[in-house]
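Trainee: Below is target11.pdb; it holds PDB, C-alpha atoms.
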ATOM      1  CA  VAL I 476      -9.586 -10.810  -5.067
ATOM      2  CA  GLN I 477      -9.415 -11.220  -1.302
ATOM      3  CA  LEU I 478      -6.721  -9.359   0.587
ATOM      4  CA  GLN I 479      -5.320 -10.069   4.028
ATOM      5  CA  ALA I 480      -3.102  -7.434   5.597
ATOM      6  CA  SER I 481      -0.820  -8.053   8.540
ATOM      7  CA  GLY I 482       2.208  -6.647  10.313
ATOM      8  CA  GLY I 483       0.928  -3.487  11.945
ATOM      9  CA  GLY I 484       1.729  -2.556  15.505
ATOM     10  CA  LEU I 485       3.610  -0.113  17.624
ATOM     11  CA  GLY I 486       6.838   1.443  16.377
ATOM     12  CA  GLN I 487       9.157   4.147  17.572
ATOM     13  CA  ALA I 488      10.103   7.290  15.734
ATOM     14  CA  GLY I 489      13.102   6.493  13.594
ATOM     15  CA  GLY I 490      12.328   2.793  13.682
ATOM     16  CA  SER I 491      10.947   0.356  11.148
ATOM     17  CA  LEU I 492       7.905  -1.797  10.568
ATOM     18  CA  ARG I 493       6.917  -4.066   7.705
ATOM     19  CA  LEU I 494       3.398  -4.684   6.480
ATOM     20  CA  SER I 495       2.331  -7.617   4.328
ATOM     21  CA  CYS I 496      -0.722  -8.107   2.164
ATOM     22  CA  ALA I 497      -1.545 -11.568   0.823
ATOM     23  CA  ALA I 498      -3.892 -11.825  -2.145
ATOM     24  CA  SER I 499      -6.080 -14.824  -2.943
ATOM     25  CA  GLY I 500      -8.865 -15.614  -5.358
ATOM     26  CA  ARG I 501      -8.777 -14.100  -8.872
ATOM     27  CA  THR I 502      -5.281 -12.729  -8.443
ATOM     28  CA  PHE I 503      -4.540 -13.052 -12.186
ATOM     29  CA  SER I 504      -6.954 -10.174 -12.801
ATOM     30  CA  SER I 505      -5.041  -7.825 -10.544
ATOM     31  CA  TYR I 506      -2.934  -5.135 -12.248
ATOM     32  CA  VAL I 507      -1.503  -3.311  -9.265
ATOM     33  CA  MET I 508      -1.495  -3.542  -5.502
ATOM     34  CA  GLY I 509      -1.465  -0.423  -3.411
ATOM     35  CA  TRP I 510      -1.274   0.795   0.159
ATOM     36  CA  PHE I 511      -3.411   3.573   1.546
ATOM     37  CA  ARG I 512      -3.628   4.902   5.084
ATOM     38  CA  GLN I 513      -6.122   6.785   7.202
ATOM     39  CA  PRO I 514      -4.636   8.911   9.991
ATOM     40  CA  PRO I 515      -6.841   9.621  13.008
ATOM     41  CA  GLY I 516      -9.579  12.103  12.114
ATOM     42  CA  LYS I 517      -8.458  12.400   8.496
ATOM     43  CA  GLU I 518      -9.393  11.094   5.076
ATOM     44  CA  ARG I 519      -7.796   7.979   3.652
ATOM     45  CA  GLU I 520      -4.736   8.831   1.582
ATOM     46  CA  PHE I 521      -2.487   7.166  -0.967
ATOM     47  CA  VAL I 522       0.854   5.760   0.185
ATOM     48  CA  ALA I 523       2.329   3.609  -2.585
ATOM     49  CA  THR I 524       1.433   1.235  -5.385
ATOM     50  CA  ILE I 525       3.250  -1.436  -7.382
ATOM     51  CA  ARG I 526       2.518  -3.067 -10.723
ATOM     52  CA  TRP I 527       2.577  -6.867 -10.614
ATOM     53  CA  SER I 528       4.058  -7.353 -14.084
ATOM     54  CA  ASP I 529       7.266  -5.346 -13.807
ATOM     55  CA  GLY I 530       7.449  -3.983 -10.276
ATOM     56  CA  TYR I 531       6.938  -0.369 -11.346
ATOM     57  CA  THR I 532       6.280   1.695  -8.224
ATOM     58  CA  LEU I 533       4.711   4.986  -7.312
ATOM     59  CA  TYR I 534       4.958   6.740  -3.937
ATOM     60  CA  ASP I 535       3.387   9.657  -2.214
ATOM     61  CA  ASP I 536       5.938  12.393  -1.537
ATOM     62  CA  SER I 537       5.383  12.055   2.219
ATOM     63  CA  VAL I 538       6.895   8.549   2.258
ATOM     64  CA  LYS I 539       9.308   8.659  -0.675
ATOM     65  CA  GLY I 540      12.770   7.614   0.425
ATOM     66  CA  ARG I 541      11.476   6.100   3.679
ATOM     67  CA  PHE I 542       8.957   3.464   2.573
ATOM     68  CA  THR I 543       9.538   0.712   0.035
ATOM     69  CA  ILE I 544       6.783  -1.288  -1.627
ATOM     70  CA  SER I 545       7.720  -4.655  -3.096
ATOM     71  CA  ARG I 546       6.000  -7.783  -4.315
ATOM     72  CA  ASP I 547       6.528 -11.526  -4.372
ATOM     73  CA  ASN I 548       4.605 -12.813  -7.373
ATOM     74  CA  ALA I 549       5.026 -16.450  -6.375
ATOM     75  CA  LYS I 550       3.354 -15.757  -3.027
ATOM     76  CA  ASN I 551       0.841 -13.209  -4.358
ATOM     77  CA  THR I 552       2.033 -10.948  -1.569
ATOM     78  CA  VAL I 553       2.924  -7.293  -1.436
ATOM     79  CA  TYR I 554       5.031  -5.723   1.289
ATOM     80  CA  LEU I 555       5.441  -2.230   2.637
ATOM     81  CA  GLU I 556       8.761  -1.695   4.380
ATOM     82  CA  MET I 557       8.492   1.430   6.517
ATOM     83  CA  ASN I 558      11.740   2.979   7.731
ATOM     84  CA  SER I 559      12.566   6.225   9.514
ATOM     85  CA  LEU I 560       9.090   6.195  10.984
ATOM     86  CA  LYS I 561       7.520   9.446  12.113
ATOM     87  CA  PRO I 562       4.610  10.004  14.515
ATOM     88  CA  GLU I 563       2.642  11.355  11.544
ATOM     89  CA  ASP I 564       2.835   7.889   9.967
ATOM     90  CA  THR I 565       0.345   6.753  12.619
ATOM     91  CA  ALA I 566      -2.707   5.502  10.762
ATOM     92  CA  VAL I 567      -4.765   2.506   9.813
ATOM     93  CA  TYR I 568      -3.074   1.050   6.736
ATOM     94  CA  TYR I 569      -5.092  -0.640   3.996
ATOM     95  CA  CYS I 570      -3.937  -2.694   1.054
ATOM     96  CA  ALA I 571      -5.950  -2.620  -2.137
ATOM     97  CA  ALA I 572      -5.961  -4.243  -5.558
ATOM     98  CA  SER I 573      -6.881  -2.766  -8.903
ATOM     99  CA  SER I 574      -7.556  -4.526 -12.197
ATOM    100  CA  ARG I 575      -7.842  -1.273 -14.113
ATOM    101  CA  ARG I 576      -5.251  -0.872 -16.867
ATOM    102  CA  VAL I 577      -4.939   2.875 -16.527
ATOM    103  CA  PRO I 578      -1.945   5.221 -16.409
ATOM    104  CA  MET I 579      -0.123   4.717 -13.156
ATOM    105  CA  PHE I 580      -0.664   8.279 -11.979
ATOM    106  CA  ARG I 581      -4.408   7.550 -11.768
ATOM    107  CA  LEU I 582      -3.714   4.780  -9.282
ATOM    108  CA  ARG I 583      -3.113   7.321  -6.552
ATOM    109  CA  VAL I 584      -6.896   7.528  -6.304
ATOM    110  CA  GLU I 585      -8.714   5.009  -4.123
ATOM    111  CA  SER I 586     -11.726   4.841  -6.422
ATOM    112  CA  GLU I 587      -9.539   3.021  -8.970
ATOM    113  CA  TYR I 588      -9.208   0.083  -6.573
ATOM    114  CA  GLY I 589     -11.910  -2.558  -6.443
ATOM    115  CA  SER I 590     -10.702  -4.842  -3.673
ATOM    116  CA  TRP I 591      -9.649  -3.835  -0.187
ATOM    117  CA  GLY I 592      -8.162  -5.647   2.754
ATOM    118  CA  GLN I 593      -9.043  -5.029   6.343
ATOM    119  CA  GLY I 594      -7.007  -2.267   7.893
ATOM    120  CA  THR I 595      -4.003  -2.789  10.117
ATOM    121  CA  GLN I 596      -3.133  -0.232  12.764
ATOM    122  CA  VAL I 597       0.303   1.362  12.802
ATOM    123  CA  THR I 598       1.132   3.579  15.759
ATOM    124  CA  VAL I 599       4.420   5.465  15.932
ATOM    125  CA  SER I 600       5.480   6.892  19.251
ATOM    126  CA  SER I 601       7.800   9.868  19.538
TER     127      SER I 601
END
Spit out the file's structure as structure tokens when you get a sec.

Mentor:
Amino acid sequence: VQLQASGGGLGQAGGSLRLSCAASGRTFSSYVMGWFRQPPGKEREFVATIRWSDGYTLYDDSVKGRFTISRDNAKNTVYLEMNSLKPEDTAVYYCAASSRRVPMFRLRVESEYGSWGQGTQVTVSS
């Protein structure tokens, strides 16, 4: 599966940005699509994930209630709507795909994902 992320940029605190991730190739083998982020000087961390079949979602507590992950199966695209942005949301955001049929809680871990898109920078100014 090849992944192409887009939509990053500069946002203001309290504002919104939307990221997109288009999947191509063996998309039928994909079970979930997720978003991770890597803040400056920190490790990459889980943000959200969504199951293709039924739209089941999982969020990190730091973004719950502010970010929404959604998918368009017809377009093989996953979105991350980011609202009420905070400066601490500044990071390089990565989309990833997993074909592993495991309990959803395990899909907070990046090692469960086999395909990764290039990162897209999100910078939130205060």

Trainee: Once the PyMOL selection byres ((chain I and resi 506) around 12) is applied to the coordinates I shared, what remains selected? I want it as an MDAnalysis selection string.

Mentor: chainID I and resid 476 501:505 507:509 524:531 548 551 571:579 582 587:590

Trainee: Which is closest to I:Ser545 among I:Arg512, I:Arg493, I:Lys517, I:Arg583, if we use all atoms listed in the file?

Mentor: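 Ranking I:Arg512, I:Arg493, I:Lys517, I:Arg583 by distance to I:Ser545, first place goes to I:Arg493.
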
Trainee: Suppose you want the space between atom CA of I:Val538 and atom CA of I:Phe521; what is it in Å?

Mentor: 10.0 Å

Trainee: Using the chain letters and numbers from the file, give me the residues hit by the PyMOL selection byres ((chain I and resi 562) around 8), as a list in words.

Mentor: Ala488, Leu560, Lys561, Glu563, Asp564, Thr565, Thr598, Val599, Ser600 and Ser601 of chain I

Trainee: Just want the 9 Å neighbourhood of I:Ala498, counted on only C-alpha atoms, with same-chain residues fewer than 5 positions away dropped. Output as a ChimeraX atom specification.

Mentor: /I:476-480,550-553,572,592

Trainee: Find the distance between atom CA of I:Arg541 and atom CA of I:Ser491 and write it in Å to one decimal.

Mentor: 9.4 Å

Trainee: Kindly list the centre and edge lengths in Å, rounded to one decimal, for the axis-aligned box that covers all listed atoms of stretch 542-546 of chain I plus 5 Å on each of its six sides, as JSON.

Mentor:
{"center_x": 7.8, "center_y": -2.2, "center_z": -0.9, "size_x": 13.5, "size_y": 21.2, "size_z": 16.9}

Trainee: Could you please determine the separation between atom CA of I:Gln513 and atom CA of I:Asp547 in Å, to one decimal place?

Mentor: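 So the answer is 25.1 Å.
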
Trainee: Using only C-alpha atoms, find the one residue out of I:Leu492, I:Glu520, I:Gly594, I:Gly483 that sits nearest to I:Phe542.

Mentor: I:Leu492

Trainee: Could you state which residues are captured by the PyMOL selection byres ((chain I and resi 556) around 7) in this file, as a ChimeraX atom specification?

Mentor: /I:492-494,542-544,554-555,557-558

Trainee: Which residue is closest to I:Trp510? Choose from I:Val522, I:Ser495, I:Ser481, I:Val584 and count only C-alpha atoms.

Mentor: I:Val522

Trainee: Go through I:Glu585, I:Pro515, I:Thr595, I:Arg546 and flag the residue nearest I:Gly482, using only C-alpha atoms for the distances.

Mentor: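 Using only C-alpha atoms, the shortest distance to I:Gly482 belongs to I:Thr595.
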
Trainee: Which of these residues is nearest to I:Cys570, using all atoms listed in the file: I:Glu518, I:Ala549, I:Thr532, I:Ala523?

Mentor: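 Of I:Glu518, I:Ala549, I:Thr532, I:Ala523, the one nearest I:Cys570 is I:Ala523, counting all atoms listed in the file.
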